[in-house]
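Colleague: input12.txt is reproduced in full below (compact mmCIF, C-alpha atoms and all ligand atoms).
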# COMPACT_ATOMS: atom_id res chain seq x y z
CA PRO A 1 35.35 78.10 33.22
CA THR A 2 36.72 79.70 30.08
CA ARG A 3 35.07 79.33 26.69
CA SER A 4 37.73 76.90 25.48
CA GLU A 5 37.08 74.55 28.40
CA ILE A 6 33.40 74.09 27.52
CA THR A 7 31.76 71.87 24.93
CA TYR A 8 28.25 73.22 24.71
CA PHE A 9 25.50 70.81 23.61
CA GLY A 10 22.59 73.25 24.04
CA ALA A 11 19.71 72.94 21.56
CA GLY A 12 19.65 76.54 20.43
CA PRO A 13 20.90 79.09 20.41
CA ALA A 14 23.93 76.97 19.72
CA LEU A 15 27.64 77.53 19.96
CA LEU A 16 29.19 79.76 17.30
CA PRO A 17 32.76 79.32 16.07
CA THR A 18 35.05 81.41 18.29
CA ASP A 19 37.01 82.90 15.38
CA VAL A 20 33.76 84.08 13.77
CA LEU A 21 32.73 85.74 17.03
CA GLU A 22 36.12 87.41 17.46
CA LYS A 23 35.95 88.85 13.97
CA ALA A 24 32.33 89.90 14.53
CA ALA A 25 33.26 91.60 17.81
CA GLU A 26 35.73 93.77 15.93
CA ALA A 27 33.18 94.46 13.22
CA LEU A 28 30.68 95.58 15.85
CA VAL A 29 33.00 98.39 16.87
CA ASP A 30 34.49 99.26 13.49
CA TYR A 31 33.44 97.56 10.28
CA GLN A 32 36.34 97.45 7.83
CA GLY A 33 37.89 100.76 8.88
CA THR A 34 34.71 102.76 8.34
CA GLY A 35 34.72 103.98 11.94
CA LEU A 36 31.16 102.73 12.33
CA GLY A 37 30.12 99.34 13.64
CA ILE A 38 28.27 96.87 11.48
CA ALA A 39 25.09 97.20 13.54
CA GLU A 40 25.24 100.98 13.04
CA HIS A 41 25.58 101.13 9.27
CA SER A 42 22.37 101.69 7.33
CA HIS A 43 20.67 98.55 6.10
CA ARG A 44 20.22 100.52 2.86
CA SER A 45 23.96 101.05 2.35
CA ALA A 46 25.97 99.37 -0.40
CA LEU A 47 27.96 97.69 2.33
CA ALA A 48 24.82 96.07 3.75
CA ALA A 49 23.69 94.97 0.28
CA ASN A 50 27.08 93.31 -0.21
CA ILE A 51 26.78 91.39 3.04
CA ILE A 52 23.31 90.16 2.10
CA ASN A 53 24.26 89.23 -1.46
CA GLU A 54 27.41 87.39 -0.41
CA ALA A 55 25.60 85.43 2.28
CA LYS A 56 22.92 84.46 -0.26
CA ALA A 57 25.51 83.40 -2.83
CA ASP A 58 27.54 81.43 -0.27
CA LEU A 59 24.43 79.63 1.00
CA ALA A 60 23.43 78.79 -2.58
CA ASN A 61 26.94 77.55 -3.30
CA TYR A 62 27.25 75.45 -0.14
CA LEU A 63 23.83 73.77 -0.58
CA ASP A 64 23.74 73.81 -4.40
CA ILE A 65 20.50 75.76 -4.48
CA PRO A 66 19.28 75.93 -8.11
CA ASP A 67 18.73 79.26 -9.87
CA ASP A 68 14.97 78.98 -9.75
CA TYR A 69 14.99 79.56 -5.99
CA GLU A 70 15.11 82.80 -4.05
CA VAL A 71 16.85 83.11 -0.68
CA LEU A 72 15.02 85.42 1.75
CA PHE A 73 16.20 86.76 5.09
CA MET A 74 13.23 87.19 7.38
CA GLN A 75 12.76 88.06 11.03
CA ALA A 76 10.02 86.27 12.86
CA GLY A 77 11.88 83.07 13.68
CA GLY A 78 10.88 79.52 12.85
CA SER A 79 7.60 80.22 14.63
CA GLY A 80 6.93 83.16 12.32
CA GLU A 81 7.37 80.78 9.39
CA PHE A 82 4.66 78.50 10.81
CA SER A 83 2.31 81.39 9.99
CA ALA A 84 4.14 82.68 6.89
CA THR A 85 3.94 79.30 5.16
CA VAL A 86 0.16 79.20 5.71
CA TYR A 87 -0.48 82.72 4.37
CA ASN A 88 1.84 82.39 1.38
CA LEU A 89 0.91 78.88 0.31
CA VAL A 90 -2.83 79.45 0.72
CA GLY A 91 -2.33 82.61 -1.35
CA ALA A 92 -0.51 80.64 -4.04
CA TRP A 93 -3.30 78.03 -4.08
CA VAL A 94 -5.93 80.76 -4.53
CA THR A 95 -3.93 82.34 -7.37
CA ARG A 96 -3.64 78.97 -9.13
CA LYS A 97 -7.37 78.35 -8.78
CA GLN A 98 -8.09 81.88 -9.93
CA GLN A 99 -5.94 81.41 -13.03
CA GLU A 100 -7.80 78.16 -13.81
CA ALA A 101 -11.17 79.81 -13.18
CA LEU A 102 -10.36 82.67 -15.53
CA LYS A 103 -9.79 80.12 -18.26
CA GLN A 104 -13.01 78.33 -17.39
CA VAL A 105 -15.52 81.17 -16.91
CA GLY A 106 -13.74 84.04 -18.61
CA ASP A 107 -12.97 87.46 -17.22
CA ASP A 108 -16.12 87.82 -15.11
CA GLU A 109 -14.93 88.83 -11.64
CA ALA A 110 -18.16 87.91 -9.85
CA LYS A 111 -18.32 84.48 -11.48
CA VAL A 112 -14.67 83.81 -10.70
CA ALA A 113 -15.19 84.78 -7.05
CA GLU A 114 -18.27 82.55 -6.83
CA LEU A 115 -16.39 79.56 -8.22
CA LEU A 116 -13.46 80.21 -5.90
CA GLN A 117 -15.75 80.44 -2.88
CA LYS A 118 -17.06 76.95 -3.64
CA GLN A 119 -13.54 75.60 -4.14
CA VAL A 120 -12.26 77.10 -0.90
CA ALA A 121 -15.18 75.55 1.00
CA THR A 122 -14.76 72.08 -0.46
CA GLU A 123 -11.17 71.69 -1.67
CA LEU A 124 -8.74 73.90 0.26
CA LYS A 125 -6.54 71.64 2.38
CA LEU A 126 -3.13 71.92 3.99
CA ASP A 127 -1.49 68.60 4.85
CA TYR A 128 0.71 68.23 7.95
CA LEU A 129 2.96 65.33 8.88
CA VAL A 130 3.19 65.58 12.66
CA THR A 131 6.30 63.78 13.85
CA GLY A 132 7.28 65.87 16.87
CA SER A 133 6.64 68.97 18.95
CA TRP A 134 7.59 71.51 16.26
CA SER A 135 5.49 70.11 13.43
CA LEU A 136 2.67 69.86 15.98
CA LYS A 137 3.04 73.58 16.71
CA ALA A 138 3.01 74.37 13.00
CA TYR A 139 -0.12 72.25 12.56
CA GLN A 140 -1.81 74.05 15.45
CA GLU A 141 -0.93 77.41 13.96
CA ALA A 142 -2.49 76.42 10.63
CA CYS A 143 -5.68 75.37 12.47
CA ARG A 144 -5.70 78.70 14.35
CA LEU A 145 -5.32 80.76 11.19
CA LEU A 146 -7.53 78.81 8.79
CA GLY A 147 -9.89 76.69 10.86
CA SER A 148 -9.25 72.99 11.33
CA GLU A 149 -11.64 72.11 8.47
CA HIS A 150 -8.90 73.21 6.07
CA VAL A 151 -6.05 71.44 7.84
CA ASN A 152 -5.43 67.74 7.32
CA LEU A 153 -3.42 65.81 9.89
CA ALA A 154 -1.95 63.48 7.26
CA THR A 155 -0.09 61.52 9.89
CA ASP A 156 0.42 61.74 13.64
CA ALA A 157 3.45 59.80 14.83
CA ARG A 158 2.08 59.50 18.36
CA THR A 159 -0.62 57.09 17.22
CA ILE A 160 1.94 54.34 16.53
CA ASN A 161 4.16 54.92 19.56
CA ASP A 162 2.13 54.82 22.75
CA LYS A 163 1.05 58.49 22.38
CA LYS A 164 4.66 59.66 22.29
CA PHE A 165 6.91 60.89 19.49
CA GLY A 166 9.90 58.74 18.49
CA LYS A 167 8.96 57.06 15.20
CA ILE A 168 7.84 58.14 11.73
CA PRO A 169 4.80 56.26 10.41
CA GLU A 170 5.24 54.45 7.10
CA GLU A 171 4.60 56.58 4.06
CA SER A 172 1.92 54.19 2.79
CA THR A 173 -0.22 55.13 5.82
CA TRP A 174 -0.07 58.90 5.25
CA LYS A 175 -3.42 60.35 4.25
CA LEU A 176 -2.43 63.00 1.74
CA SER A 177 -5.05 65.27 0.20
CA LYS A 178 -5.57 65.64 -3.51
CA ASP A 179 -4.06 68.95 -4.66
CA ALA A 180 -3.12 70.20 -1.17
CA ALA A 181 -1.96 73.82 -0.92
CA MET A 182 1.10 72.31 0.74
CA VAL A 183 2.42 69.23 2.47
CA TYR A 184 4.31 70.40 5.53
CA TYR A 185 6.83 68.54 7.63
CA CYS A 186 9.71 69.15 10.02
CA ASP A 187 12.89 67.46 8.80
CA ASN A 188 14.45 67.32 12.24
CA GLU A 189 12.43 67.49 15.43
CA THR A 190 14.68 69.29 17.90
CA VAL A 191 12.75 68.41 21.07
CA ASP A 192 12.03 64.77 20.28
CA GLY A 193 15.20 63.78 18.42
CA VAL A 194 13.40 62.53 15.31
CA GLU A 195 14.92 63.15 11.87
CA PHE A 196 13.61 62.07 8.48
CA PRO A 197 16.25 59.61 7.20
CA LYS A 198 15.77 60.98 3.67
CA PHE A 199 13.32 62.84 1.45
CA PRO A 200 9.98 60.95 1.55
CA ASP A 201 9.42 58.98 -1.69
CA VAL A 202 5.68 59.73 -1.86
CA LEU A 203 6.41 63.46 -1.96
CA ALA A 204 8.88 63.30 -4.84
CA PRO A 205 8.03 65.28 -7.98
CA ARG A 206 6.71 63.27 -10.91
CA ALA A 207 8.57 63.00 -14.21
CA ASP A 208 6.52 65.85 -15.72
CA GLY A 209 7.55 68.15 -12.87
CA SER A 210 4.14 68.12 -11.18
CA GLY A 211 3.65 66.72 -7.69
CA PRO A 212 2.97 67.81 -4.14
CA ILE A 213 3.96 71.26 -2.95
CA VAL A 214 6.40 70.41 -0.20
CA VAL A 215 7.34 72.76 2.62
CA ALA A 216 9.90 71.81 5.26
CA ASP A 217 11.17 73.22 8.52
CA MET A 218 14.92 72.57 8.63
CA SER A 219 15.68 74.84 11.58
CA SER A 220 17.80 72.29 13.39
CA ASN A 221 19.49 70.26 10.66
CA ILE A 222 20.13 72.68 7.80
CA LEU A 223 23.76 72.78 6.56
CA SER A 224 24.43 69.34 8.05
CA ARG A 225 23.48 67.16 5.08
CA ARG A 226 22.74 67.35 1.38
CA ILE A 227 19.12 68.10 0.56
CA PRO A 228 17.34 67.72 -2.78
CA VAL A 229 16.32 71.39 -2.87
CA LYS A 230 14.45 70.94 -6.16
CA ASN A 231 11.90 68.71 -4.41
CA TYR A 232 10.73 71.57 -2.20
CA HIS A 233 8.74 74.73 -2.69
CA VAL A 234 9.81 76.25 0.62
CA ILE A 235 12.58 75.34 3.04
CA PHE A 236 12.89 77.53 6.11
CA PHE A 237 15.11 77.69 9.17
CA GLY A 238 15.98 79.99 12.02
CA ALA A 239 19.69 80.82 12.02
CA GLN A 240 20.36 80.03 15.66
CA LYS A 241 21.36 76.38 15.38
CA ASN A 242 23.63 75.66 12.46
CA LEU A 243 23.83 78.98 10.68
CA GLY A 244 24.42 81.89 13.03
CA SER A 245 23.02 83.98 15.81
CA THR A 246 19.40 84.42 16.82
CA GLY A 247 17.55 87.13 14.95
CA VAL A 248 17.41 86.10 11.34
CA THR A 249 15.37 83.41 9.63
CA VAL A 250 15.99 82.10 6.13
CA ALA A 251 13.34 81.01 3.64
CA ILE A 252 14.44 79.32 0.41
CA VAL A 253 11.47 79.80 -1.89
CA LYS A 254 10.87 78.36 -5.36
CA LYS A 255 10.41 81.22 -7.78
CA ASN A 256 7.23 79.78 -9.22
CA LEU A 257 5.52 80.79 -5.96
CA LEU A 258 6.46 84.41 -6.66
CA PRO A 259 5.50 86.93 -9.36
CA PRO A 260 5.33 86.94 -12.32
CA VAL A 261 4.23 83.26 -12.18
CA CYS A 262 2.25 83.44 -8.97
CA PRO A 263 1.43 86.89 -7.56
CA GLN A 264 -0.40 86.80 -4.23
CA PRO A 265 -4.19 87.35 -4.43
CA SER A 266 -5.51 90.80 -3.59
CA PRO A 267 -6.67 91.47 -0.03
CA THR A 268 -10.13 92.18 -1.48
CA LEU A 269 -10.35 88.69 -2.96
CA LEU A 270 -9.06 87.05 0.23
CA ARG A 271 -11.64 88.98 2.24
CA LYS A 272 -14.38 87.81 -0.11
CA LEU A 273 -13.21 84.23 0.30
CA GLY A 274 -13.05 84.52 4.09
CA LEU A 275 -9.34 83.70 4.08
CA PRO A 276 -6.79 85.34 6.39
CA ILE A 277 -4.62 88.21 5.16
CA GLY A 278 -1.07 87.90 6.45
CA PRO A 279 1.15 90.66 7.81
CA ILE A 280 3.13 92.26 5.01
CA VAL A 281 6.46 91.37 6.68
CA LEU A 282 5.59 87.67 6.30
CA SER A 283 4.88 87.98 2.58
CA TYR A 284 7.52 86.14 0.53
CA GLU A 285 6.55 88.26 -2.45
CA THR A 286 7.26 91.50 -0.56
CA ILE A 287 10.52 90.28 0.97
CA ALA A 288 11.73 88.93 -2.39
CA LYS A 289 10.84 92.13 -4.23
CA ASN A 290 12.94 94.11 -1.76
CA ASN A 291 15.96 91.78 -1.62
CA SER A 292 15.11 91.10 2.07
CA LEU A 293 15.10 94.82 2.87
CA TYR A 294 11.42 95.69 2.99
CA ASN A 295 12.06 96.88 6.54
CA THR A 296 15.12 97.17 8.78
CA LEU A 297 17.00 93.89 8.84
CA SER A 298 19.71 93.01 11.35
CA ILE A 299 22.71 93.15 9.05
CA PHE A 300 24.88 92.03 11.96
CA ASP A 301 23.03 88.70 12.09
CA VAL A 302 23.29 88.26 8.33
CA TYR A 303 27.01 89.05 8.61
CA ILE A 304 27.51 86.32 11.26
CA ALA A 305 25.61 83.82 9.09
CA GLY A 306 27.75 84.83 6.13
CA GLN A 307 30.97 84.32 8.09
CA VAL A 308 29.82 80.85 9.23
CA LEU A 309 29.13 79.96 5.60
CA LYS A 310 32.55 81.23 4.49
CA LYS A 311 34.16 79.11 7.17
CA LEU A 312 32.21 76.02 6.06
CA LEU A 313 33.17 76.63 2.43
CA ALA A 314 36.82 77.07 3.39
CA THR A 315 36.79 73.91 5.54
CA TYR A 316 35.06 71.55 3.11
CA SER A 317 36.08 71.56 -0.55
CA ASP A 318 33.12 69.24 -1.15
CA LYS A 319 30.83 71.71 0.64
CA VAL A 320 27.86 70.24 2.51
CA ASP A 321 28.93 66.67 1.70
CA GLY A 322 32.06 67.22 3.78
CA GLN A 323 30.07 68.52 6.73
CA GLN A 324 27.58 65.66 6.33
CA ALA A 325 30.35 63.08 6.72
CA VAL A 326 31.55 64.77 9.91
CA SER A 327 28.01 65.16 11.28
CA ASN A 328 27.27 61.49 10.67
CA LYS A 329 30.54 60.42 12.27
CA LYS A 330 29.92 62.52 15.41
CA ALA A 331 26.40 61.09 15.78
CA GLU A 332 27.73 57.56 15.29
CA ILE A 333 30.30 58.04 18.06
CA ILE A 334 27.74 59.32 20.58
CA TYR A 335 25.00 56.80 19.69
CA GLY A 336 27.63 54.05 19.68
CA ALA A 337 28.56 54.79 23.29
CA LEU A 338 24.91 54.95 24.36
CA GLU A 339 23.98 51.73 22.54
CA SER A 340 26.86 49.85 24.12
CA ARG A 341 25.20 50.21 27.54
CA PRO A 342 21.47 49.53 27.15
CA ASP A 343 21.47 48.69 30.86
CA VAL A 344 22.18 52.36 31.67
CA PHE A 345 20.85 54.41 28.74
CA LYS A 346 17.49 54.27 27.02
CA LEU A 347 17.35 55.92 23.62
CA VAL A 348 14.12 57.80 23.01
CA THR A 349 13.93 57.46 19.22
CA GLU A 350 13.65 54.30 17.18
CA LYS A 351 16.85 53.59 15.26
CA PRO A 352 16.00 54.55 11.64
CA PHE A 353 14.66 57.95 12.76
CA ARG A 354 17.37 58.92 15.25
CA SER A 355 18.37 62.53 14.78
CA ARG A 356 22.03 63.16 14.06
CA MET A 357 21.54 66.62 15.55
CA ASN A 358 19.55 66.10 18.76
CA ILE A 359 20.43 62.90 20.56
CA CYS A 360 17.77 62.21 23.21
CA PHE A 361 18.06 59.58 25.91
CA ARG A 362 17.12 58.63 29.45
CA VAL A 363 19.46 57.48 32.18
CA VAL A 364 18.32 54.34 34.03
CA LYS A 365 21.36 53.42 36.10
CA THR A 366 19.44 52.88 39.32
CA ASN A 367 15.70 52.73 39.68
CA ASP A 368 15.46 56.49 40.17
CA MET A 369 15.70 58.17 36.78
CA ASP A 370 15.47 61.71 38.21
CA VAL A 371 18.46 61.17 40.45
CA ASP A 372 20.41 59.40 37.69
CA GLU A 373 19.85 62.22 35.22
CA LYS A 374 20.70 64.90 37.76
CA ASN A 375 23.92 63.03 38.49
CA PHE A 376 24.69 62.65 34.82
CA LEU A 377 24.24 66.38 34.20
CA GLU A 378 26.32 67.40 37.21
CA LEU A 379 29.20 65.08 36.44
CA ALA A 380 29.12 66.08 32.77
CA LYS A 381 29.28 69.74 33.73
CA GLY A 382 32.33 68.98 35.84
CA GLN A 383 33.99 67.76 32.63
CA GLY A 384 33.04 70.87 30.69
CA LEU A 385 30.15 69.12 28.90
CA GLU A 386 27.25 71.56 29.17
CA GLY A 387 23.76 72.21 27.84
CA LEU A 388 22.73 68.55 28.02
CA LYS A 389 19.40 68.89 29.80
CA GLY A 390 16.44 67.68 27.71
CA HIS A 391 13.63 70.05 26.70
CA ARG A 392 11.40 70.94 29.63
CA SER A 393 8.38 69.32 27.96
CA VAL A 394 9.94 65.86 27.71
CA GLY A 395 12.77 65.77 30.28
CA GLY A 396 15.71 63.40 29.97
CA ILE A 397 19.03 64.22 28.34
CA ARG A 398 19.57 65.79 24.94
CA ALA A 399 22.95 66.25 23.30
CA SER A 400 22.60 68.73 20.46
CA ASN A 401 25.29 67.80 18.01
CA TYR A 402 25.26 70.82 15.72
CA ASN A 403 27.97 71.76 13.24
CA SER A 404 29.92 73.80 15.75
CA ILE A 405 30.57 70.74 17.96
CA PRO A 406 33.98 69.49 16.88
CA LEU A 407 34.70 65.79 16.41
CA GLU A 408 36.74 65.91 19.62
CA GLY A 409 33.68 67.28 21.45
CA ALA A 410 31.61 64.27 20.38
CA GLN A 411 34.47 61.96 21.39
CA LYS A 412 34.71 63.61 24.77
CA LEU A 413 30.98 63.14 25.37
CA ALA A 414 31.16 59.49 24.26
CA GLU A 415 34.02 58.85 26.68
CA PHE A 416 32.10 60.50 29.49
CA ILE A 417 29.03 58.37 28.68
CA LEU A 418 31.09 55.20 28.98
CA THR A 419 32.81 56.32 32.18
CA PHE A 420 29.47 57.28 33.71
CA ALA A 421 28.04 53.87 32.88
CA GLY A 422 31.00 52.25 34.70
CA HIS A 423 31.71 48.59 34.72
N1 LIG A 501 11.36 74.66 14.30
C1 LIG A 501 12.30 73.91 14.91
C2 LIG A 501 12.68 72.59 14.33
C3 LIG A 501 12.92 74.39 16.07
O1 LIG A 501 13.86 73.67 16.68
C4 LIG A 501 12.54 75.64 16.59
C5 LIG A 501 13.17 76.20 17.81
O2 LIG A 501 13.94 75.60 18.48
C6 LIG A 501 11.54 76.37 15.92
C7 LIG A 501 10.99 75.85 14.78
C8 LIG A 501 11.07 77.68 16.43
O3 LIG A 501 12.02 78.63 16.16
P1 LIG A 501 11.99 80.11 16.77
O4 LIG A 501 12.27 79.97 18.22
O5 LIG A 501 13.07 80.78 15.99
O6 LIG A 501 10.64 80.66 16.49
Let's see the structure in the file written out as structure tokens.
Ligand code: PLP

Modeller:
Amino acid sequence: PTRSEITYFGAGPALLPTDVLEKAAEALVDYQGTGLGIAEHSHRSALAANIINEAKADLANYLDIPDDYEVLFMQAGGSGEFSATVYNLVGAWVTRKQQEALKQVGDDEAKVAELLQKQVATELKLDYLVTGSWSLKAYQEACRLLGSEHVNLATDARTINDKKFGKIPEESTWKLSKDAAMVYYCDNETVDGVEFPKFPDVLAPRADGSGPIVVADMSSNILSRRIPVKNYHVIFFGAQKNLGSTGVTVAIVKKNLLPPVCPQPSPTLLRKLGLPIGPIVLSYETIAKNNSLYNTLSIFDVYIAGQVLKKLLATYSDKVDGQQAVSNKKAEIIYGALESRPDVFKLVTEKPFRSRMNICFRVVKTNDMDVDEKNFLELAKGQGLEGLKGHRSVGGIRASNYNSIPLEGAQKLAEFILTFAGH
């Protein structure tokens, strides 16, 4: 088949807009008449700095990111951020405690270290809301790096749903720590099709600006709905779903986690406290100080992300709100078709938590689900509807409804769903 005949519902990497790819293909050979391709120009050139700065400004414009946030381009994927968030937020917690200790016991290094050692042993906690496979992985990484005594499983969605993901436990049941170094959650669980319907009330900042330090993984739903950025300290996402091509990861970091307010503790202090020292390339402070160019960055990937953002800004005068309306509509169309035939399709996620991005379901047309799902996938492929196989860990069908799926693509899938169900 040709590209135009396929609607690709794969979970990531996802489809990129064809016009962006065509422009990028030209840029790969010759960027703006320079005779050199964009992947060949130095990442230290003015041209590269322009691409980075424009992409940052366009992202900030599209999402209305306030001025007290820094946008960082990083390279270790969403998985790298599972570790980066631990190192950076534990570091910030230590710095805060150190600043308090200095006030309490004065400038006596040994005394400060002694006090901090006690606090680390008794008070250092990272809270995780585990609502699907990706937040579970992040939680496991925190346990691996810090030891599980410092990691608090504030909620585990499997405990209320027959050991499976598919619901989000009520906020009143979450066991949040006092003064946690962070509260971590995944806004949209790509494998399990679970999305937070909105920002959790219990995590909202208080009137005086204090409140929990919230960190969120938005790898698979960023750019698809408005987010209250000011409620977060860190938002991160790999580019390869809604933003661009694989190879670049974005972290939106509140500036009060960075110098001069909050410099990272010295390696000597961390060693004394028995806390892990992160790789320098995962340090938000280092990446921020170098405008994302501490080391060689794939400018090509930043360029693609930038072009996707320019296209979104040109398409929607109301920016992310415009895309949100379309995303919601597409999800409604697909869920609507599935819900109309409960005799044939079983939705995996409970209604209030159904992801608009990853629509997960089982096919129960006959009493052999494996055969039904194989049939569904084969017939769908025949119609140009591809990438619908569920994640290998959970099986079933998953339609990833990212920004690059046009409204007509969602309609085509909905029609196929109804035809497959038959009469
Ligand atoms: N977080 C979420 C929500 C994801 O969907 C994924 C990958 O699909 C990741 C994290 C991991 O990202 P990466 O493969 O870039 O490490």

Colleague: Tell me which of A:Ala60, A:Ile405, A:Cys186, A:Leu153 sits closest to ligand LIG 501 (chain A), counting only C-alpha atoms and all ligand atoms.

Modeller: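 Residue with the minimum atom-to-atom distance to ligand LIG 501 (chain A): A:Cys186.
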
Colleague: Report the centre and edge lengths, in Å to one decimal, of an axis-aligned box enclosing every atom of ligand LIG 501 (chain A) listed in the file, padded by 3 Å on each side, as JSON.

Modeller:
{"center_x": 12.3, "center_y": 76.7, "center_z": 16.4, "size_x": 9.3, "size_y": 14.2, "size_z": 10.2}

Colleague: Would you write out, as a tab-separated table, a table of all residues in chain A that have an atom no more than 6 Å from an atom of ligand LIG 501 (chain A), listing for each the closest atom pair and the distance in Å to one decimal, considering all atoms listed in the file and ordering rows by chain and rising residue number?

Modeller:
residue	atom	partner	partner_atom	distance
A:Gly77	CA	A:LIG501	O5	3.5
A:Gly78	CA	A:LIG501	O3	3.6
A:Ser79	CA	A:LIG501	O6	3.6
A:Trp134	CA	A:LIG501	N1	5.3
A:Asn188	CA	A:LIG501	C2	5.9
A:Glu189	CA	A:LIG501	C2	5.2
A:Thr190	CA	A:LIG501	O1	4.6
A:Asp217	CA	A:LIG501	N1	6.0
A:Ser219	CA	A:LIG501	C2	4.7
A:Ser220	CA	A:LIG501	C2	5.2
A:Gly238	CA	A:LIG501	O5	5.0

Colleague: If we count all atoms listed in the file and set the cut-off at 12 Å, which residues sit around Gly387 (chain A), ignoring sequence neighbours fewer than 6 positions away in its own chain? Please answer as a PyMOL selection string.

Modeller: chain A and resi 6-15+358+376-378+380-381+397-401+413

Colleague: Ranking A:Leu273, A:Leu407, A:Leu379, A:Leu59 by minimum distance to Ala121 (chain A) and counting all atoms listed in the file, which one comes first?

Modeller: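 The shortest atom-to-atom distance to Ala121 (chain A) comes from A:Leu273.
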
Colleague: From the options A:Phe416, A:Gly132, A:Asn50, A:Lys389, which residue's atoms come nearest to Lys163 (chain A), counting all atoms listed in the file?

Modeller: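 Selected residue with least distance to Lys163 (chain A): A:Gly132.
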
Colleague: Ala157 (chain A): which residues within 9 Å, counting only C-alpha atoms, same-chain residues fewer than 5 positions away excluded, as number ranges by chain?

Modeller: A: 129-132, 163-169

Colleague: For Ile252 (chain A), work out the shell of residues within 8 Å, counting all atoms listed in the file and skipping chain neighbours fewer than 4 positions away, then give it as a list in words.

Modeller: Tyr69, Glu70, Val71, Leu72, His233, Val234, Ile235 and Phe236 of chain A

Colleague: Leaving out Asn53 (chain A) and any residue of its chain fewer than 2 positions from it, which residues lie within 12 Å of it when counting all atoms listed in the file, given as a PyMOL selection string?

Modeller: chain A and resi 46-51+55-60+70-73+291-293+299+302-303+305-306

Colleague: Just write the chosen residues, C-alpha atoms, as a PDB file, keeping the file's coordinate frame.

Modeller:
ATOM      1  CA  ALA A  46      25.970  99.370  -0.400  1.00  0.00           C
ATOM      2  CA  LEU A  47      27.960  97.690   2.330  1.00  0.00           C
ATOM      3  CA  ALA A  48      24.820  96.070   3.750  1.00  0.00           C
ATOM      4  CA  ALA A  49      23.690  94.970   0.280  1.00  0.00           C
ATOM      5  CA  ASN A  50      27.080  93.310  -0.210  1.00  0.00           C
ATOM      6  CA  ILE A  51      26.780  91.390   3.040  1.00  0.00           C
ATOM      7  CA  ALA A  55      25.600  85.430   2.280  1.00  0.00           C
ATOM      8  CA  LYS A  56      22.920  84.460  -0.260  1.00  0.00           C
ATOM      9  CA  ALA A  57      25.510  83.400  -2.830  1.00  0.00           C
ATOM     10  CA  ASP A  58      27.540  81.430  -0.270  1.00  0.00           C
ATOM     11  CA  LEU A  59      24.430  79.630   1.000  1.00  0.00           C
ATOM     12  CA  ALA A  60      23.430  78.790  -2.580  1.00  0.00           C
ATOM     13  CA  GLU A  70      15.110  82.800  -4.050  1.00  0.00           C
ATOM     14  CA  VAL A  71      16.850  83.110  -0.680  1.00  0.00           C
ATOM     15  CA  LEU A  72      15.020  85.420   1.750  1.00  0.00           C
ATOM     16  CA  PHE A  73      16.200  86.760   5.090  1.00  0.00           C
ATOM     17  CA  ASN A 291      15.960  91.780  -1.620  1.00  0.00           C
ATOM     18  CA  SER A 292      15.110  91.100   2.070  1.00  0.00           C
ATOM     19  CA  LEU A 293      15.100  94.820   2.870  1.00  0.00           C
ATOM     20  CA  ILE A 299      22.710  93.150   9.050  1.00  0.00           C
ATOM     21  CA  VAL A 302      23.290  88.260   8.330  1.00  0.00           C
ATOM     22  CA  TYR A 303      27.010  89.050   8.610  1.00  0.00           C
ATOM     23  CA  ALA A 305      25.610  83.820   9.090  1.00  0.00           C
ATOM     24  CA  GLY A 306      27.750  84.830   6.130  1.00  0.00           C
TER      25      GLY A 306
END

Colleague: Report as a ChimeraX atom specification all protein, DNA and RNA residues lying within 12 Å of Lys178 (chain A), evaluated on all atoms listed in the file, omitting residues in the same chain fewer than 4 positions from it.

Modeller: /A:122-127,152,154,182-183,211-213

Colleague: Using C-alpha atoms, can you write the selected residues to a file as a PDB file, keeping the file's coordinate frame?

Modeller:
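Result file result-v5.pdb:
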ATOM      1  CA  THR A 122     -14.760  72.080  -0.460  1.00  0.00           C
ATOM      2  CA  GLU A 123     -11.170  71.690  -1.670  1.00  0.00           C
ATOM      3  CA  LEU A 124      -8.740  73.900   0.260  1.00  0.00           C
ATOM      4  CA  LYS A 125      -6.540  71.640   2.380  1.00  0.00           C
ATOM      5  CA  LEU A 126      -3.130  71.920   3.990  1.00  0.00           C
ATOM      6  CA  ASP A 127      -1.490  68.600   4.850  1.00  0.00           C
ATOM      7  CA  ASN A 152      -5.430  67.740   7.320  1.00  0.00           C
ATOM      8  CA  ALA A 154      -1.950  63.480   7.260  1.00  0.00           C
ATOM      9  CA  MET A 182       1.100  72.310   0.740  1.00  0.00           C
ATOM     10  CA  VAL A 183       2.420  69.230   2.470  1.00  0.00           C
ATOM     11  CA  GLY A 211       3.650  66.720  -7.690  1.00  0.00           C
ATOM     12  CA  PRO A 212       2.970  67.810  -4.140  1.00  0.00           C
ATOM     13  CA  ILE A 213       3.960  71.260  -2.950  1.00  0.00           C
TER      14      ILE A 213
END

Colleague: Please determine, counting only C-alpha atoms, which residue among A:Gly247, A:Ser327, A:Glu22, A:Asn88 has the shortest atom-to-atom distance to Pro279 (chain A).

Modeller: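 Going through A:Gly247, A:Ser327, A:Glu22, A:Asn88 one by one, the smallest distance to Pro279 (chain A) is for A:Asn88.
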
Colleague: With all atoms listed in the file as the atoms that count, which of A:Ala216, A:Ala204, A:Val250, A:Ala414 lies nearest to Tyr335 (chain A)?

Modeller: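 Looking only at the distances to Tyr335 (chain A), the closest residue turns out to be A:Ala414.
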
Colleague: Report, in Å to a single decimal, how far apart CA of Lys254 (chain A) and CA of Leu115 (chain A) are.

Modeller: 27.4 Å
